[in-house]
Each structure stands twice: as structure tokens, then as C-alpha cells.
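Enquirer: Take a look at coords_30.tsv, TSV, C-alpha atoms:
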chain	number	residue	atom	x	y	z
A	1	MET	CA	-20.11	-58.75	9.35
A	2	TRP	CA	-19.91	-54.95	9.44
A	3	SER	CA	-22.65	-54.71	12.08
A	4	SER	CA	-20.88	-57.30	14.24
A	5	LEU	CA	-17.57	-55.44	13.97
A	6	ASN	CA	-19.26	-52.12	14.73
A	7	GLU	CA	-21.04	-53.61	17.76
A	8	TRP	CA	-17.80	-55.10	19.09
A	9	LEU	CA	-15.82	-51.89	18.53
A	10	TRP	CA	-18.27	-49.68	20.42
A	11	GLN	CA	-18.68	-51.85	23.49
A	12	ASP	CA	-19.44	-49.90	26.66
A	13	ARG	CA	-16.46	-51.36	28.52
A	14	PHE	CA	-14.02	-49.97	25.97
A	15	TRP	CA	-14.99	-46.31	25.92
A	16	LEU	CA	-17.01	-45.58	29.05
A	17	PRO	CA	-16.28	-45.89	32.79
A	18	PRO	CA	-17.41	-49.07	34.62
A	19	ASN	CA	-21.17	-49.30	35.25
A	20	SER	CA	-21.82	-46.80	32.43
A	21	SER	CA	-23.36	-47.45	29.02
A	22	TRP	CA	-24.18	-45.61	25.82
A	23	ALA	CA	-27.83	-45.72	26.89
A	24	ASP	CA	-26.96	-43.30	29.69
A	25	LEU	CA	-26.06	-40.70	27.06
A	26	GLU	CA	-29.42	-40.87	25.25
A	27	ASP	CA	-31.72	-37.84	25.39
A	28	ARG	CA	-34.39	-38.16	28.12
A	29	ASP	CA	-36.41	-36.03	30.54
A	30	GLY	CA	-35.60	-32.85	28.65
A	31	LEU	CA	-31.84	-33.48	28.83
A	32	VAL	CA	-29.96	-33.36	25.53
A	33	TYR	CA	-26.61	-35.13	25.22
A	34	ALA	CA	-23.91	-35.05	22.56
A	35	HIS	CA	-24.18	-37.72	19.86
A	36	PRO	CA	-21.28	-38.94	17.68
A	37	GLN	CA	-23.29	-38.57	14.46
A	38	ASP	CA	-23.54	-34.83	15.10
A	39	MET	CA	-19.91	-34.49	14.09
A	40	LEU	CA	-20.61	-35.69	10.52
A	41	ALA	CA	-21.70	-32.14	9.74
A	42	ALA	CA	-18.03	-31.13	10.11
A	43	LEU	CA	-17.11	-32.65	6.72
A	44	PRO	CA	-19.20	-30.36	4.48
A	45	LEU	CA	-18.45	-27.43	6.80
A	46	ALA	CA	-14.70	-28.07	6.38
A	47	LEU	CA	-15.09	-27.79	2.60
A	48	ALA	CA	-17.05	-24.57	3.09
A	49	LEU	CA	-14.22	-23.21	5.25
A	50	VAL	CA	-11.71	-23.99	2.49
A	51	VAL	CA	-13.79	-21.94	0.05
A	52	MET	CA	-14.17	-19.16	2.64
A	53	ARG	CA	-10.42	-19.14	3.24
A	54	PHE	CA	-9.42	-18.70	-0.40
A	55	THR	CA	-12.11	-16.04	-0.82
A	56	PHE	CA	-10.87	-14.24	2.29
A	57	GLU	CA	-7.24	-14.37	1.18
A	58	ARG	CA	-8.07	-12.95	-2.25
A	59	LEU	CA	-10.55	-10.26	-1.20
A	60	ILE	CA	-9.21	-9.25	2.21
A	61	GLY	CA	-5.79	-10.76	2.91
A	62	LEU	CA	-4.13	-9.64	-0.34
A	63	PRO	CA	-5.34	-5.99	-0.20
A	64	LEU	CA	-4.44	-5.87	3.50
A	65	SER	CA	-0.91	-7.06	2.74
A	66	ARG	CA	-0.50	-4.28	0.17
A	67	TRP	CA	-1.90	-1.70	2.58
A	68	LEU	CA	0.59	-2.77	5.26
A	69	GLY	CA	3.45	-2.59	2.77
A	70	VAL	CA	4.25	-6.29	2.36
A	71	ARG	CA	6.65	-6.58	-0.56
A	72	ASN	CA	7.79	-9.76	-2.23
A	73	GLN	CA	11.53	-10.10	-2.68
A	74	ALA	CA	12.65	-9.69	-6.27
A	75	ARG	CA	13.85	-12.99	-7.69
A	76	ARG	CA	16.11	-13.28	-10.67
A	77	PRO	CA	14.77	-15.72	-13.27
A	78	VAL	CA	16.82	-18.75	-14.20
A	79	GLN	CA	17.92	-19.44	-17.74
A	80	PRO	CA	16.08	-22.47	-19.21
A	81	ASN	CA	18.32	-25.52	-19.04
A	82	ALA	CA	16.78	-28.96	-19.61
A	83	THR	CA	19.72	-30.88	-18.07
A	84	LEU	CA	19.82	-28.87	-14.86
A	85	GLU	CA	16.03	-28.82	-14.59
A	86	LYS	CA	15.92	-32.61	-14.88
A	87	HIS	CA	18.48	-33.05	-12.10
A	88	PHE	CA	16.66	-30.49	-9.96
A	89	LEU	CA	13.35	-32.36	-10.26
A	90	VAL	CA	14.62	-35.94	-10.21
A	91	GLU	CA	17.90	-36.06	-8.30
A	92	GLY	CA	17.11	-33.47	-5.65
A	93	ARG	CA	17.17	-29.77	-4.86
A	94	ARG	CA	20.69	-29.82	-3.37
A	95	LEU	CA	23.61	-31.54	-5.02
A	96	THR	CA	27.13	-32.21	-3.82
A	97	GLU	CA	30.01	-30.26	-5.31
A	98	PRO	CA	31.29	-33.20	-7.40
A	99	GLN	CA	27.79	-33.56	-8.90
A	100	MET	CA	27.73	-29.84	-9.58
A	101	VAL	CA	31.09	-30.03	-11.40
A	102	ILE	CA	29.86	-32.89	-13.60
A	103	LEU	CA	26.74	-30.95	-14.52
A	104	ALA	CA	28.77	-27.82	-15.18
A	105	THR	CA	31.00	-29.78	-17.58
A	106	GLN	CA	27.99	-31.33	-19.35
A	107	CYS	CA	26.25	-27.97	-19.79
A	108	GLY	CA	29.32	-25.93	-20.71
A	109	LEU	CA	28.96	-23.73	-17.61
A	110	THR	CA	31.33	-22.77	-14.85
A	111	LEU	CA	30.84	-24.28	-11.40
A	112	ARG	CA	29.80	-20.89	-10.05
A	113	GLN	CA	27.18	-20.45	-12.76
A	114	THR	CA	25.75	-23.91	-12.01
A	115	GLN	CA	25.58	-23.21	-8.30
A	116	ARG	CA	23.88	-19.89	-9.00
A	117	TRP	CA	21.34	-21.62	-11.27
A	118	PHE	CA	20.35	-24.09	-8.54
A	119	ARG	CA	20.21	-21.32	-5.94
A	120	ARG	CA	17.85	-19.23	-8.05
A	121	ARG	CA	15.79	-22.28	-9.01
A	122	ARG	CA	15.27	-23.15	-5.33
A	123	ASN	CA	14.23	-19.56	-4.63
A	124	GLN	CA	11.60	-19.78	-7.36
A	125	ASP	CA	9.81	-22.59	-5.49
A	126	ARG	CA	9.82	-20.78	-2.16
A	127	PRO	CA	6.53	-19.08	-1.23
A	128	CYS	CA	6.47	-15.32	-1.40
A	129	LEU	CA	5.79	-13.06	1.58
A	130	THR	CA	2.33	-12.17	0.27
A	131	LYS	CA	1.25	-15.81	0.34
A	132	LYS	CA	2.59	-16.24	3.87
A	133	PHE	CA	0.81	-13.08	5.00
A	134	CYS	CA	-2.54	-14.18	3.53
A	135	GLU	CA	-2.31	-17.58	5.29
A	136	ALA	CA	-1.43	-15.95	8.60
A	137	SER	CA	-4.24	-13.38	8.30
A	138	TRP	CA	-6.88	-16.10	7.75
A	139	ARG	CA	-5.68	-18.10	10.74
A	140	PHE	CA	-5.48	-14.96	12.86
A	141	VAL	CA	-9.11	-14.11	12.16
A	142	PHE	CA	-10.30	-17.65	12.90
A	143	TYR	CA	-8.29	-18.13	16.10
A	144	LEU	CA	-9.28	-14.68	17.38
A	145	PHE	CA	-13.02	-15.26	16.94
A	146	SER	CA	-12.73	-18.85	18.12
A	147	PHE	CA	-10.94	-17.86	21.33
A	148	PHE	CA	-13.31	-15.10	22.37
A	149	GLY	CA	-16.31	-17.08	21.15
A	150	GLY	CA	-15.16	-20.05	23.23
A	151	LEU	CA	-14.74	-17.81	26.27
A	152	SER	CA	-18.31	-16.59	25.89
A	153	VAL	CA	-19.67	-20.11	25.44
A	154	LEU	CA	-17.92	-21.47	28.54
A	155	TYR	CA	-18.73	-18.43	30.68
A	156	HIS	CA	-22.44	-18.51	29.89
A	157	THR	CA	-22.63	-22.34	29.64
A	158	LEU	CA	-24.60	-22.21	26.39
A	159	LYS	CA	-25.11	-25.85	25.40
A	160	PRO	CA	-26.32	-25.34	21.80
A	161	ALA	CA	-23.51	-22.81	21.25
A	162	LEU	CA	-21.01	-25.32	22.68
A	163	TYR	CA	-22.01	-27.81	20.01
A	164	TYR	CA	-21.58	-25.22	17.25
A	165	TRP	CA	-18.20	-24.18	18.65
A	166	TYR	CA	-17.06	-27.81	18.75
A	167	LEU	CA	-18.31	-28.31	15.20
A	168	LEU	CA	-16.50	-25.20	13.98
A	169	GLU	CA	-13.20	-26.18	15.61
A	170	LEU	CA	-13.38	-29.71	14.19
A	171	SER	CA	-14.22	-28.37	10.72
A	172	PHE	CA	-11.33	-25.91	10.87
A	173	TYR	CA	-8.72	-28.57	11.68
A	174	ILE	CA	-10.10	-30.84	8.97
A	175	SER	CA	-9.81	-27.92	6.53
A	176	LEU	CA	-6.18	-27.43	7.63
A	177	LEU	CA	-5.45	-31.05	6.74
A	178	ILE	CA	-7.12	-30.59	3.36
A	179	THR	CA	-5.07	-27.50	2.48
A	180	LEU	CA	-1.80	-28.59	4.11
A	181	PRO	CA	-0.25	-29.82	0.82
A	182	PHE	CA	-0.90	-26.40	-0.73
A	183	ASP	CA	0.15	-24.27	2.24
A	184	VAL	CA	3.60	-22.87	2.94
A	185	ARG	CA	5.67	-25.95	3.77
A	186	ARG	CA	7.66	-25.47	6.96
A	187	LYS	CA	10.32	-27.56	8.65
A	188	ASP	CA	7.82	-28.88	11.21
A	189	PHE	CA	5.51	-30.23	8.49
A	190	LYS	CA	5.32	-33.72	10.01
A	191	GLU	CA	4.64	-32.31	13.47
A	192	GLN	CA	1.82	-30.20	12.03
A	193	ILE	CA	0.20	-33.27	10.50
A	194	ALA	CA	0.51	-35.13	13.81
A	195	HIS	CA	-0.97	-32.17	15.70
A	196	HIS	CA	-3.96	-31.87	13.37
A	197	LEU	CA	-4.70	-35.61	13.49
A	198	VAL	CA	-4.43	-35.72	17.28
A	199	THR	CA	-6.64	-32.65	17.63
A	200	ILE	CA	-9.32	-34.02	15.29
A	201	THR	CA	-9.36	-37.32	17.19
A	202	LEU	CA	-9.49	-35.54	20.56
A	203	VAL	CA	-12.37	-33.27	19.53
A	204	THR	CA	-14.37	-36.16	18.08
A	205	PHE	CA	-13.73	-38.50	21.03
A	206	SER	CA	-14.42	-35.92	23.75
A	207	TYR	CA	-17.67	-34.92	22.09
A	208	SER	CA	-18.82	-38.51	21.54
A	209	THR	CA	-18.16	-39.53	25.17
A	210	ASN	CA	-19.63	-36.31	26.62
A	211	LEU	CA	-16.25	-35.01	27.85
A	212	LEU	CA	-17.22	-31.56	26.65
A	213	ARG	CA	-15.89	-29.56	29.57
A	214	ILE	CA	-12.34	-30.89	29.44
A	215	GLY	CA	-12.34	-30.83	25.62
A	216	SER	CA	-13.48	-27.20	25.61
A	217	LEU	CA	-10.68	-26.20	27.98
A	218	VAL	CA	-8.09	-27.89	25.74
A	219	LEU	CA	-9.37	-25.99	22.70
A	220	LEU	CA	-9.48	-22.71	24.60
A	221	LEU	CA	-5.91	-23.06	25.91
A	222	HIS	CA	-4.62	-23.60	22.38
A	223	ASP	CA	-6.56	-20.74	20.80
A	224	SER	CA	-5.35	-18.33	23.48
A	225	ALA	CA	-1.82	-18.30	22.04
A	226	ASP	CA	-2.46	-19.16	18.40
A	227	TYR	CA	-4.00	-15.85	17.36
A	228	LEU	CA	-1.05	-13.99	18.92
A	229	LEU	CA	1.37	-16.12	16.89
A	230	GLU	CA	-0.45	-15.39	13.63
A	231	ALA	CA	-0.58	-11.65	14.40
A	232	CYS	CA	3.18	-11.74	15.11
A	233	LYS	CA	3.77	-13.37	11.71
A	234	MET	CA	1.67	-10.78	9.93
A	235	PHE	CA	3.62	-7.85	11.35
A	236	ASN	CA	6.88	-9.69	10.73
A	237	TYR	CA	6.05	-10.07	7.03
A	238	ALA	CA	5.08	-6.37	6.95
A	239	HIS	CA	8.45	-5.47	8.57
A	240	GLN	CA	6.73	-3.64	11.39
A	241	TRP	CA	9.32	-4.69	13.91
A	242	ARG	CA	8.08	-2.90	17.03
A	243	LEU	CA	4.64	-4.49	16.91
A	244	CYS	CA	6.17	-7.83	15.93
A	245	ASN	CA	8.66	-7.78	18.81
A	246	SER	CA	6.01	-6.81	21.36
A	247	LEU	CA	3.58	-9.47	20.16
A	248	PHE	CA	6.34	-12.08	20.15
A	249	ILE	CA	7.11	-11.40	23.81
A	250	VAL	CA	3.41	-11.61	24.75
A	251	PHE	CA	2.94	-14.76	22.65
A	252	SER	CA	5.94	-16.47	24.26
A	253	LEU	CA	4.66	-15.76	27.77
A	254	VAL	CA	1.14	-16.95	26.95
A	255	PHE	CA	2.42	-20.04	25.13
A	256	PHE	CA	4.74	-21.16	27.92
A	257	TYR	CA	2.11	-20.53	30.60
A	258	THR	CA	-0.77	-22.26	28.84
A	259	ARG	CA	1.13	-25.16	27.22
A	260	LEU	CA	3.84	-25.90	29.80
A	261	VAL	CA	2.11	-24.87	33.05
A	262	LEU	CA	-1.68	-24.93	32.79
A	263	PHE	CA	-1.97	-27.86	30.38
A	264	PRO	CA	0.08	-30.40	32.39
A	265	THR	CA	-0.88	-29.21	35.89
A	266	GLN	CA	-4.59	-28.69	35.29
A	267	ILE	CA	-5.68	-30.66	32.21
A	268	LEU	CA	-3.38	-33.69	32.36
A	269	TYR	CA	-3.52	-33.94	36.15
A	270	THR	CA	-7.32	-33.91	36.09
A	271	THR	CA	-7.70	-36.46	33.32
A	272	TYR	CA	-4.93	-38.74	34.60
A	273	TYR	CA	-5.62	-38.76	38.34
A	274	GLU	CA	-8.91	-37.16	39.30
A	275	SER	CA	-10.98	-38.74	36.50
A	276	ILE	CA	-10.53	-42.24	38.01
A	277	ALA	CA	-10.77	-41.27	41.67
A	278	ASN	CA	-14.08	-43.16	41.98
A	279	SER	CA	-13.69	-45.76	39.22
A	280	ALA	CA	-11.18	-48.15	37.70
A	281	PRO	CA	-9.20	-47.28	34.54
A	282	PHE	CA	-10.63	-48.43	31.22
A	283	PHE	CA	-9.51	-48.38	27.57
A	284	GLY	CA	-11.08	-44.98	26.81
A	285	TYR	CA	-9.19	-43.52	29.76
A	286	TYR	CA	-5.83	-44.68	28.37
A	287	PHE	CA	-6.77	-43.67	24.82
A	288	PHE	CA	-7.81	-40.13	25.81
A	289	ASN	CA	-4.76	-39.55	28.00
A	290	SER	CA	-2.43	-40.91	25.33
A	291	LEU	CA	-3.71	-38.28	22.93
A	292	LEU	CA	-3.24	-35.55	25.53
A	293	VAL	CA	0.33	-36.73	26.22
A	294	MET	CA	1.07	-36.63	22.48
A	295	LEU	CA	-0.15	-33.04	22.45
A	296	GLN	CA	2.10	-32.23	25.39
A	297	LEU	CA	5.12	-33.70	23.59
A	298	LEU	CA	4.36	-31.46	20.62
A	299	HIS	CA	4.12	-28.52	23.03
A	300	VAL	CA	7.61	-29.31	24.29
A	301	PHE	CA	8.94	-29.59	20.73
A	302	TRP	CA	7.55	-26.19	19.74
A	303	SER	CA	8.70	-24.68	23.03
A	304	CYS	CA	12.26	-25.62	22.11
A	305	LEU	CA	11.86	-23.83	18.77
A	306	ILE	CA	10.49	-20.74	20.53
A	307	LEU	CA	13.41	-20.78	22.95
A	308	ARG	CA	15.79	-20.77	19.99
A	309	MET	CA	13.92	-17.79	18.56
A	310	ILE	CA	14.10	-16.03	21.94
A	311	HIS	CA	17.85	-16.65	22.04
A	312	SER	CA	18.19	-15.06	18.59
A	313	PHE	CA	15.84	-12.26	19.67
A	314	THR	CA	17.95	-11.38	22.72
A	315	LYS	CA	21.16	-11.39	20.66
A	316	LYS	CA	19.92	-9.26	17.76
A	317	GLY	CA	17.31	-7.15	19.54
A	318	GLN	CA	14.47	-7.95	17.16
A	319	MET	CA	12.41	-10.79	15.79
A	320	GLU	CA	13.82	-11.63	12.37
A	321	LYS	CA	12.23	-14.79	11.11
A	322	ASP	CA	10.31	-17.95	11.91
A	323	ILE	CA	13.00	-20.62	12.20
A	324	ARG	CA	10.56	-23.18	10.81
A	325	SER	CA	10.60	-21.39	7.44
A	326	ASP	CA	13.12	-21.68	4.63
A	327	MET	CA	14.86	-18.40	3.92
A	328	GLU	CA	15.59	-16.88	0.53
A	329	GLU	CA	19.10	-17.74	-0.64
A	330	SER	CA	20.93	-14.64	-1.71
A	331	GLY	CA	22.48	-14.76	-5.16
A	332	SER	CA	25.99	-13.78	-6.14
A	333	SER	CA	26.85	-10.17	-5.60
A	334	GLU	CA	27.15	-7.81	-8.55
A	335	GLU	CA	30.88	-7.57	-7.93
A	336	GLU	CA	31.29	-11.35	-8.05
A	337	GLU	CA	29.32	-11.62	-11.27
A	338	ALA	CA	31.29	-8.77	-12.84
A	339	ARG	CA	34.56	-10.44	-11.85
A	340	GLU	CA	33.41	-13.73	-13.37
A	341	HIS	CA	32.37	-11.97	-16.57
A	342	LEU	CA	35.80	-10.34	-16.78
A	343	GLU	CA	37.52	-13.70	-16.27
A	344	LEU	CA	35.49	-15.24	-19.09
A	345	LYS	CA	36.24	-12.28	-21.35
A	346	ASN	CA	39.98	-12.56	-20.68
A	347	GLY	CA	40.01	-16.29	-21.32
A	348	ALA	CA	40.35	-17.39	-17.71
A	349	ALA	CA	37.60	-19.92	-18.24
A	350	GLN	CA	38.71	-22.85	-20.35
A	351	GLY	CA	36.10	-23.09	-23.02
A	352	PRO	CA	32.60	-24.42	-23.17
A	353	GLY	CA	33.28	-27.95	-22.03
A	354	VAL	CA	35.29	-27.34	-18.88
A	355	ALA	CA	34.26	-25.90	-15.54
A	356	SER	CA	35.94	-22.80	-14.10
A	357	THR	CA	39.47	-23.27	-12.79
A	358	ASP	CA	39.66	-20.64	-10.09
A	359	GLY	CA	40.44	-21.49	-6.48
A	360	PRO	CA	39.99	-24.81	-4.68
A	361	ARG	CA	37.10	-25.83	-6.90
A	362	SER	CA	39.47	-26.09	-9.86
A	363	ARG	CA	41.22	-29.08	-8.29
A	364	THR	CA	37.95	-31.00	-8.13
A	365	ALA	CA	37.07	-29.97	-11.66
A	366	GLY	CA	40.52	-31.00	-12.88
A	367	ARG	CA	40.33	-34.43	-11.31
A	368	LEU	CA	36.90	-34.99	-12.82
A	369	ALA	CA	38.08	-33.85	-16.23
A	370	ASN	CA	41.04	-36.25	-16.03
A	371	GLY	CA	38.83	-39.17	-15.01
A	372	HIS	CA	40.09	-39.43	-11.41
A	373	ILE	CA	36.55	-39.35	-10.05
A	374	LEU	CA	33.84	-41.61	-11.46
A	375	ALA	CA	30.68	-39.98	-12.75
A	376	MET	CA	27.83	-40.15	-10.26
What is this structure when it is put down as C-alpha cells?
Expert:
Amino acid sequence: MWSSLNEWLWQDRFWLPPNSSWADLEDRDGLVYAHPQDMLAALPLALALVVMRFTFERLIGLPLSRWLGVRNQARRPVQPNATLEKHFLVEGRRLTEPQMVILATQCGLTLRQTQRWFRRRRNQDRPCLTKKFCEASWRFVFYLFSFFGGLSVLYHTLKPALYYWYLLELSFYISLLITLPFDVRRKDFKEQIAHHLVTITLVTFSYSTNLLRIGSLVLLLHDSADYLLEACKMFNYAHQWRLCNSLFIVFSLVFFYTRLVLFPTQILYTTYYESIANSAPFFGYYFFNSLLVMLQLLHVFWSCLILRMIHSFTKKGQMEKDIRSDMEESGSSEEEEAREHLELKNGAAQGPGVASTDGPRSRTAGRLANGHILAM
């Protein structure tokens, strides 16, 4: 049954142009073609890259971050509280104000103290700058060597080197999928997963069907901007604003030109129109172009994010943060905490079972205490 399904799935008419067959891609007369089974080596290599990455981050990335002056923001520890911890883990990281008031009443805290506890607890789960820097430094090194290595391979048309480059790129994106749950989680997490899956499928398909030239150009266009982005992040985390601002400008220009100009006008135009100039469309043609269009949609999505960053850059005069990242939530000021302590000392707070009664929040607390709002 499996052999029949495999034979049906890999029919020539599905994946290859009319009047072409898989037999045409067999090695003969001294010509060596790409074979799908070659890509199986990417799986163990991806695991090796994961090990290399964590070794690099510990032995090189971490000392480099200290040398560049990357400092983690001091975070105030939260007081252990089983009730609040349970709601934080089960009910969600952000609660509504009525829920906060109920918890404050149950725990014998003021509303402000409960809000501060959740704010500090959320900050504890956010990755520190050192971790972000180490991730960016590893990706910077890979993208830099991959880009210039790919340039050399395409310029000299080195066929064995092209295979190794393809294998390395495929292994790297598989390793990114493996480590994605442990990496810094950003707001475009789902888009990152989609991008990695599309890229892995594109690399595998283009290699298996001998579309090496167009596949190599796609990889090269992406690497040309990626190493600039990672370098920009590194200097941003190190608070070296001049280098960060300059790299951000260069990255934006390269990204827009390669992803929004070259990719659609050269890559997509070639694969969509010129590839079937002498043959009829087939399933592989639609499949390959669908993947490329999905990539282009992701390019547009990230271009919108970059435009938002450029807008902030022009208003403030410097690159402040990656808008995909969660920012540290600042705690209450010393003056606010001192004022609250004075209120408690003078009896402004109403005892251990009632939330604070200052300002507009007191009305909500009062209604809850009097039973006007049902417990949630």
C-alpha cells in the first residue's frame, strides 16, 4: 500500500514539466544531478547546529555581550503568593480590574499592590537583554557567512559547494524550528513559524526538482538583509545608538529593495511567466509559485512593521526597540510606593480584607465588597 501511494504521489505529471520525467534527472554521462534523498543529511546536521548554537552563545556570545556593555535590567522580585501565582498561571497574565479587586480582597492586599505584583511577575518571565543578544549574535554569524558563501558559490558556479550550501541552509531553518519554543517569543511568532515551514519546503522542493538556480537566488536575497538586521539588534541591546541607527537605515534600504523590488520583479516574474513560456502549467508550477507568493505576503507584513519602526525613528531620532518584542513594564515609582506606605501607616487602608479606597478604584472595590458585582 505504501509503495503504491508513494508511486502515485511522485508521478512525473505532478511535479515536472510536460514531456519530462524523473529519469531525466538521473546521473549519466558524467553529469551529476540533485537527488531528494541528499536532503536527509539535513536532519542530523540540524541537531549539530543546535549544539553549536548553544556552545557559541555560552563561549562567545555571552562574553561578547559583557565586553560590549550589555546590561540586564534590574528586576524586583515578587513576594511569594500562592493565590496570585495560581491565577497568573491558570487564568492568564493580564486580568481585568474587577478580577484584580477580587484577588486583592482575597489576599488582603490593596489594588495597587496586586497590580504591582502582576506587573513584576510578568517582567520575571520576559527574556533578559543578554539572552536576546546571544540569539542575535548567533544568527548574525550564520547569515553573514551564508550570504558571502552563497555569493562565492553562485559566482564560481561550484556544483558540489552548491549542494553543501543548500544543505546548510536547510539544516539551519530546521534548527530554528527546533529551538523556536525556547527562543525569545516575539509578537510575530506565528509568522515566524509560517516563514520557516515555507522556506524548508521551498529549499527541499527546489533541490529535488533541480530548480537550484532560482532557489539559490531566493536564499541569497533573504540572507542579504538578515545579517544586517541581527547586527542592528546586537548594537541596540548594547545601547550603541549611532551604529544601531546607521545599520537600521542600511537594513531598511536593503530589505525594501530585495524583498519588495527584486523578489517580485525578478524571482516571481520569472517563475510565474517565463518558466512556462515553452510548456503548459502543471501542479509543481502552481505549488512552487504558491510558496513564493506566501513568502511575498510575509515580506509585506514585515515591511509594514519596519515602516512603523521608521516612523518612530524619524520622530525620536534614534532606533529604540524592536516593535515585535515585549517591553519591560516599569514598576511603581519610589514616590508612589512611599505615599502608599504612608497611607497604610495612617490607617487610610481599611484593614487586611479590603482593597484600597483611594480614587476611582475605590468605587469598584466598594461595589464588590457590598456584593453589587458577582465574583468572576
Enquirer: Between atom CA of A:Leu84 and atom CA of A:Arg116, what is the spacing in Å?
Expert: 11.5 Å
Enquirer: Identify the residues within 12 Å of coordinate (-17.7, -46.9, 32.9) (same frame as the file), considering all atoms listed in the file, and give the answer as a ChimeraX atom specification.
Expert: /A:11-25,209,275-276,278-285
Enquirer: What separation in Å, quoted to one decimal, exists between atom CA of A:Arg122 and atom CA of A:Ser65?
Expert: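 It comes out at 24.2 Å.
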Enquirer: Tell me, in Å to one decimal, how far atom CA of A:Pro63 is from atom CA of A:Arg185.
Expert: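 About the pair atom CA of A:Pro63 and atom CA of A:Arg185: they are 23.1 Å apart.
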Enquirer: Rank nothing, just name the residue among A:Arg139, A:Lys131, A:Arg120, A:Arg76 nearest to A:Val50, using all atoms listed in the file.
Expert: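 With all atoms listed in the file as the atom set, the closest residue is A:Arg139.
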Enquirer: With distances taken over all atoms listed in the file, which of A:Ala136, A:Ala194, A:Leu151, A:Leu228 is nearest to A:Ser216?
Expert: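 Smallest distance to A:Ser216 is found for A:Leu151.
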Enquirer: Counting all atoms listed in the file, which residues in stretch 109-170 of chain A sit no more than 8 Å from stretch 56-59 of chain A? For each one, give the nearest pair of atoms and the distance in Å, sorted by chain then residue number, as a Markdown table.
Expert:
| residue | atom | partner | partner_atom | distance |
| --- | --- | --- | --- | --- |
| A:Cys134 | CA | A:Glu57 | CA | 5.3 |
| A:Glu135 | CA | A:Glu57 | CA | 7.2 |
| A:Ser137 | CA | A:Glu57 | CA | 7.8 |
| A:Trp138 | CA | A:Glu57 | CA | 6.8 |
Enquirer: Pick out the residues sitting within 6 Å of A:Cys244, and hand them over as a VMD selection string; count all atoms listed in the file, and ignore anything fewer than 6 positions along from it in its own chain.
Expert: chain A and resid 232 235 to 236
Enquirer: Could you check which of A:Leu219, A:Ala48, A:Leu253, A:Leu212 is closest to A:Ile306, using only C-alpha atoms?
Expert: A:Leu253
Enquirer: When you look at A:Phe140 with a cut-off of 7 Å (counting only C-alpha atoms), what residues show up, excluding the ones that are within fewer than 3 positions of it in the same chain? I need them as a PyMOL selection string.
Expert: chain A and resi 136-137+143-144+227+230-231
Enquirer: Restricting the calculation to all atoms listed in the file, which member of A:Ile214, A:Leu307, A:Gln99, A:Leu129 is positioned closest to A:Gln115?
Expert: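 Of A:Ile214, A:Leu307, A:Gln99, A:Leu129, the one nearest A:Gln115, counting all atoms listed in the file, is A:Gln99.
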Enquirer: For stretch 19-25 of chain A, where the input has fewer atoms than it should, I would like all heavy atoms rebuilt and written as a compact mmCIF listing (two decimals), in the coordinates of the input.
Expert:
# COMPACT_ATOMS: atom_id res chain seq x y z
N ASN A 19 -19.77 -49.54 34.87
CA ASN A 19 -21.17 -49.30 35.25
C ASN A 19 -21.80 -48.15 34.47
O ASN A 19 -22.80 -47.57 34.92
CB ASN A 19 -21.28 -49.02 36.76
CG ASN A 19 -20.71 -50.13 37.61
OD1 ASN A 19 -20.87 -51.32 37.28
ND2 ASN A 19 -20.00 -49.78 38.67
N SER A 20 -21.23 -47.80 33.32
CA SER A 20 -21.82 -46.80 32.43
C SER A 20 -22.06 -47.43 31.08
O SER A 20 -21.40 -48.40 30.69
CB SER A 20 -20.89 -45.59 32.27
OG SER A 20 -20.66 -44.96 33.51
N SER A 21 -23.04 -46.91 30.35
CA SER A 21 -23.36 -47.45 29.02
C SER A 21 -23.76 -46.31 28.10
O SER A 21 -24.03 -45.19 28.53
CB SER A 21 -24.52 -48.46 29.12
OG SER A 21 -25.70 -47.81 29.52
N TRP A 22 -23.78 -46.61 26.79
CA TRP A 22 -24.18 -45.61 25.82
C TRP A 22 -25.63 -45.18 26.03
O TRP A 22 -26.02 -44.06 25.67
CB TRP A 22 -24.00 -46.14 24.40
CG TRP A 22 -22.57 -46.34 24.02
CD1 TRP A 22 -21.94 -47.52 23.81
CD2 TRP A 22 -21.58 -45.32 23.79
NE1 TRP A 22 -20.62 -47.32 23.47
CE2 TRP A 22 -20.38 -45.97 23.44
CE3 TRP A 22 -21.60 -43.93 23.84
CZ2 TRP A 22 -19.21 -45.28 23.17
CZ3 TRP A 22 -20.44 -43.23 23.56
CH2 TRP A 22 -19.26 -43.90 23.22
N ALA A 23 -26.44 -46.06 26.62
CA ALA A 23 -27.83 -45.72 26.89
C ALA A 23 -27.94 -44.56 27.87
O ALA A 23 -28.93 -43.80 27.84
CB ALA A 23 -28.58 -46.94 27.41
N ASP A 24 -26.94 -44.41 28.73
CA ASP A 24 -26.96 -43.30 29.69
C ASP A 24 -26.81 -41.95 29.00
O ASP A 24 -27.13 -40.91 29.62
CB ASP A 24 -25.84 -43.47 30.73
CG ASP A 24 -26.00 -44.73 31.55
OD1 ASP A 24 -27.16 -45.18 31.71
OD2 ASP A 24 -24.98 -45.26 32.03
N LEU A 25 -26.29 -41.95 27.78
CA LEU A 25 -26.06 -40.70 27.06
C LEU A 25 -27.16 -40.41 26.03
O LEU A 25 -26.99 -39.55 25.16
CB LEU A 25 -24.70 -40.74 26.35
CG LEU A 25 -23.48 -40.93 27.25
CD1 LEU A 25 -22.20 -40.98 26.43
CD2 LEU A 25 -23.39 -39.82 28.29
